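Engineer: Before I ask anything, let me first share the structure, which is written out below as structure tokens.
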Amino acid sequence: MTETKKLQITEEIIVKGATTNNLKNVDLTIPKNNLIVVTGVSGSGKSSLVMDVLFAEGQRRYVESLSSYARQFLSRMKKPEVEYITGLSPAIAIEQKVVGGNARSTVGTMTEIYEYLRMLYARIGVTYSPVSGNIVKKHTVTDVVQYVEKLPAGEKLLIFIPLHKNEKRTIKDELKYVMEKGFPRLLFNGEIVRIEDLMKNPPFDLDKTLDSKEASKLNILIDRIITDENKETLERIADSAQTAFNESMGICRMMKPGEEWVEFNNKFELDGISFIFPTPQLFNFNNSLGACKKCEGYGRIIGIDPDKVIPDQSKSVYEGAVACWNGDKFGKWKNDLIMHSDFLNFPIHRPYMDLSESEKELLWNGNEHFGGIMGFFNELKAKSYKIQNRVLLARYRGRTICDVCNGGRLRKEASYVKIAGRNIMELVEMSIDDLYNFFVKLELTEHHQKIA
């Protein structure tokens, strides 16, 4: 009997004689380790039971268990009007309040889960160039020294920098300025030449500006080094690398004679593009830095509504799926597509819902041979001085996905930052199950694991 009663107390919360506020001598047994919903009409005592009895007593008992020193920093809660409560654990309550969201709010932002994603991408995300697909990295002098340390002893190295690109300055003026700064040699066509000799026998017109093709063939020699393990050599390399960064606005090139050079850049640049260094604000569509400039972080704009243009996706183009092309006046767009469907390799008899993404892209945006649906509307906009065109445009306008960020809300630079090949916009589009599996399978370096 005693054993049974002990088990009951452990697994249940028993409330006896609760009379707090409008509760009328309530007796209650609540199973523990379950999700319990308390419902009832307004004024029936739901909040009194949950907040003023259960939470208040659980919090009061927890505070009473602390030392007198700790209790002085915590507020005391009033003991509820109840005969007794058994089986009660320390309690936590979330404040009841009306959520004041805005049009940009999502489940991720309101639960603050998205804040952790932003921090994660800002701290361990890797930026990739959209041109070459290579990793964008901001190099330091340490990176240059570590590169040299990996080379075998006895290697000859040239450290050099490009000429400044200045469309208002001539090559001749720049070479004179370079000599005045104490750099007498150039690297030209893989050979080291003295600036004085090159100016006496110029291989091309030195009166051309620094943004010319000829200027790009000239590099200022900073230092010549033979690698070894001496500390003095590494210090010299570090000094030369720092000089290169300072004199070239961030570029240091290094080359073994006769081979391709390796370029280091202490700015966040690659392939001629200056990238934005990842910060939490870059991934925040509520911030002017991270929000898409066209939709301002909403993900949707006032534009041509696809649901109005194609109201019945079970129809094919031949059957009149594109509503704005039905009728005599604009039917020529539909007829043009039908007549050239073989050339365009477009299935005019296939229902719109069954078209591939590339086929939908052709239908909407066209190509050099066919204007597409957007070409049709652009033609109407060009002649919007006609009232009938303005009426037709208004008929098919609505809230539609932003064509710049594709509904991702963020500026395109945010999509260049990836973790395991995925950008943050791809992650927020995943289902919870897919997102869970992504993080379960995510492999990070030991350094990134500590950060994450």
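Chain labels A, B, ... are given in the sequence in which chains occur in the structure tokens; within each chain residues are numbered consecutively from 1, and ligands are likewise numbered from 1 in the order shown.
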Please return as an MDAnalysis selection string: the residues of stretch 79-316 of chain A that backbone DSSP assigns to helix (DSSP H, G or I).

Structural biologist: chainID A and resid 107:110 113:124 141:149 171:180 195:200 215:217 231:247 280:283 306:309

Engineer: Just the strand (DSSP E) stuff from stretch 357-434 of chain A, please, per backbone DSSP, written as a list in words.

Structural biologist: Arg397, Gly398, Arg399, Thr400, Ile401, Val417 and Lys418 of chain A

Engineer: Produce a file of the selected residues containing N, CA and C atoms, as a PDB file, in the first residue's frame.

Structural biologist:
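Written out: out_37.pdb:
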```pdb
ATOM      1  N   ARG A 397      -1.726  42.059 -62.185  1.00  0.00           N
ATOM      2  CA  ARG A 397      -0.778  42.392 -61.121  1.00  0.00           C
ATOM      3  C   ARG A 397      -1.244  41.802 -59.799  1.00  0.00           C
ATOM      4  N   GLY A 398      -0.258  41.539 -58.921  1.00  0.00           N
ATOM      5  CA  GLY A 398      -0.558  41.043 -57.582  1.00  0.00           C
ATOM      6  C   GLY A 398       0.725  40.885 -56.800  1.00  0.00           C
ATOM      7  N   ARG A 399       0.616  40.377 -55.587  1.00  0.00           N
ATOM      8  CA  ARG A 399       1.799  40.101 -54.769  1.00  0.00           C
ATOM      9  C   ARG A 399       2.463  38.850 -55.306  1.00  0.00           C
ATOM     10  N   THR A 400       3.684  39.002 -55.760  1.00  0.00           N
ATOM     11  CA  THR A 400       4.386  37.876 -56.356  1.00  0.00           C
ATOM     12  C   THR A 400       5.798  37.783 -55.809  1.00  0.00           C
ATOM     13  N   ILE A 401       6.442  36.672 -56.037  1.00  0.00           N
ATOM     14  CA  ILE A 401       7.790  36.440 -55.511  1.00  0.00           C
ATOM     15  C   ILE A 401       8.775  37.402 -56.161  1.00  0.00           C
ATOM     16  N   VAL A 417      27.758  32.807 -49.312  1.00  0.00           N
ATOM     17  CA  VAL A 417      28.298  32.214 -48.083  1.00  0.00           C
ATOM     18  C   VAL A 417      27.600  30.876 -47.841  1.00  0.00           C
ATOM     19  N   LYS A 418      28.404  29.820 -47.712  1.00  0.00           N
ATOM     20  CA  LYS A 418      27.814  28.484 -47.612  1.00  0.00           C
ATOM     21  C   LYS A 418      28.447  27.675 -46.484  1.00  0.00           C
TER      22      LYS A 418
END
```

Engineer: Considering only C-alpha atoms, return as a compact mmCIF listing (two decimals) with C-alpha atoms, in the first residue's frame whatever protein or nucleic-acid residues lie within 12 Å of A:Cys405, sequence-local ones (same chain, fewer than 4 positions apart) excluded.

Structural biologist:
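Listing of result32.txt after writing:
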```
# COMPACT_ATOMS: atom_id res chain seq x y z
CA PHE A 285 16.46 40.68 -43.87
CA GLY A 290 21.27 42.18 -45.56
CA ALA A 291 17.84 42.86 -47.07
CA CYS A 292 17.23 42.43 -50.80
CA LYS A 293 17.26 45.91 -52.33
CA LYS A 294 14.23 45.31 -54.54
CA CYS A 295 11.74 43.76 -52.12
CA GLU A 296 13.36 45.33 -49.00
CA GLY A 297 13.40 42.01 -47.16
CA TYR A 298 9.76 41.05 -47.71
CA GLY A 299 10.46 38.41 -50.37
CA ARG A 300 7.46 39.54 -52.39
CA ILE A 301 6.76 42.52 -54.64
CA THR A 400 4.39 37.88 -56.36
CA ILE A 401 7.79 36.44 -55.51
CA ARG A 409 14.60 38.09 -48.80
CA LEU A 410 18.37 38.57 -48.64
CA ARG A 411 20.76 40.34 -51.01
CA LYS A 412 22.57 38.09 -53.46
CA GLU A 413 25.91 38.44 -51.61
CA ALA A 414 24.43 36.44 -48.71
CA SER A 415 23.95 33.46 -51.04
CA MET A 425 18.28 30.71 -47.81
CA GLU A 426 18.35 27.05 -48.83
```

Engineer: Quick one: everything within 6 Å of A:Phe264, counting only C-alpha atoms, minus sequence neighbours fewer than 3 positions away in the same chain. Send it as a list of chain:residue names.

Structural biologist: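 My reading of the contact set: A:His139, A:Ile251, A:Cys252.
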
Engineer: Can you pull out every residue within 6 Å of stretch 12-29 of chain A, counting only C-alpha atoms, but drop anything in the same chain fewer than 6 positions away, and send it as number ranges by chain?

Structural biologist: A: 45, 81-88

Engineer: Quick check, in Å to one decimal: how far apart do atom CA of A:Arg350 and atom CA of A:Leu362 lie?

Structural biologist: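 Computing it gives 14.1 Å between the two atoms.
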
Engineer: With distances taken over only C-alpha atoms, which of A:Val107, A:Ile237, A:Cys324, A:Val53 is nearest to A:Val145?

Structural biologist: A:Ile237

Engineer: What's the 8 Å shell around A:Gly58, counting only C-alpha atoms, without same-chain residues fewer than 2 positions away, as JSON, numbers by chain?

Structural biologist: {"A": [54, 55, 56, 60, 61, 62, 88, 89, 90, 91]}

Engineer: Those selected residues, please, written with C-alpha atoms and delivered as an mmCIF file, in the first residue's frame.

Structural biologist:
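Listing of result_7.cif after writing:
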```cif
data_model
loop_
_atom_site.group_PDB
_atom_site.id
_atom_site.type_symbol
_atom_site.label_atom_id
_atom_site.label_comp_id
_atom_site.auth_asym_id
_atom_site.auth_seq_id
_atom_site.Cartn_x
_atom_site.Cartn_y
_atom_site.Cartn_z
ATOM 1 C CA LEU A 54 0.907 25.545 -9.835
ATOM 2 C CA PHE A 55 3.603 27.951 -11.063
ATOM 3 C CA ALA A 56 3.542 30.135 -7.951
ATOM 4 C CA ARG A 60 8.100 29.436 -4.173
ATOM 5 C CA ARG A 61 9.288 25.993 -3.087
ATOM 6 C CA TYR A 62 12.350 26.226 -5.320
ATOM 7 C CA LEU A 88 5.202 19.438 -7.662
ATOM 8 C CA SER A 89 8.584 20.207 -9.292
ATOM 9 C CA PRO A 90 10.323 23.597 -9.715
ATOM 10 C CA ALA A 91 8.348 25.473 -12.384
#
```

Engineer: Could you pull the residues within 10 Å of A:Lys168, counting only C-alpha atoms, minus those fewer than 4 positions along the same chain, as a list in words?

Structural biologist: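 Contacts, with the query itself left out: Lys208, Thr209, Leu210 and Asp211 of chain A.
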
Engineer: Keeping only C-alpha atoms, take the residues you just selected and write them out as a PDB file, in the first residue's frame.

Structural biologist:
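Okay, this is what ended up in part.pdb:
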```pdb
ATOM      1  CA  LYS A 208      49.526  55.007 -71.843  1.00  0.00           C
ATOM      2  CA  THR A 209      47.485  55.074 -68.643  1.00  0.00           C
ATOM      3  CA  LEU A 210      47.767  52.561 -65.815  1.00  0.00           C
ATOM      4  CA  ASP A 211      44.443  50.935 -66.666  1.00  0.00           C
TER       5      ASP A 211
END
```

Engineer: Using only C-alpha atoms, which residue out of A:Pro311, A:Ser132, A:Ile273, A:Leu163 lies closest to A:Lys213?

Structural biologist: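 Residue with the minimum atom-to-atom distance to A:Lys213: A:Leu163.
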
Engineer: Find the distance between atom CA of A:Glu155 and atom CA of A:Thr227 and write it in Å to one decimal.

Structural biologist: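 Taking atom CA of A:Glu155 as the start and atom CA of A:Thr227 as the end point, the length is 5.3 Å.
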
Engineer: For A:Thr279, which residue out of A:Ile220, A:Ala215, A:Ile387, A:Ala122 is the nearest one, using only C-alpha atoms?

Structural biologist: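 Nearest to A:Thr279: A:Ala122.
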
Engineer: From the set A:Glu247, A:Asp239, A:Ser356, A:Ser314, which residue has the shortest atom-to-atom contact distance to A:Tyr177, counting only C-alpha atoms?

Structural biologist: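 For A:Tyr177, the nearest of the given residues is A:Glu247.
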
Engineer: Would you please work out which residue, of A:Val63, A:Thr109, A:Thr39, A:Asp228, is nearest to A:Pro152 when using only C-alpha atoms?

Structural biologist: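 Closest to A:Pro152 of all the choices is A:Asp228.
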
Engineer: State, in Å with one decimal place, the distance from atom CA of A:Gly190 to atom CA of A:Pro257.

Structural biologist: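 Between these atoms lies a distance of 7.1 Å.
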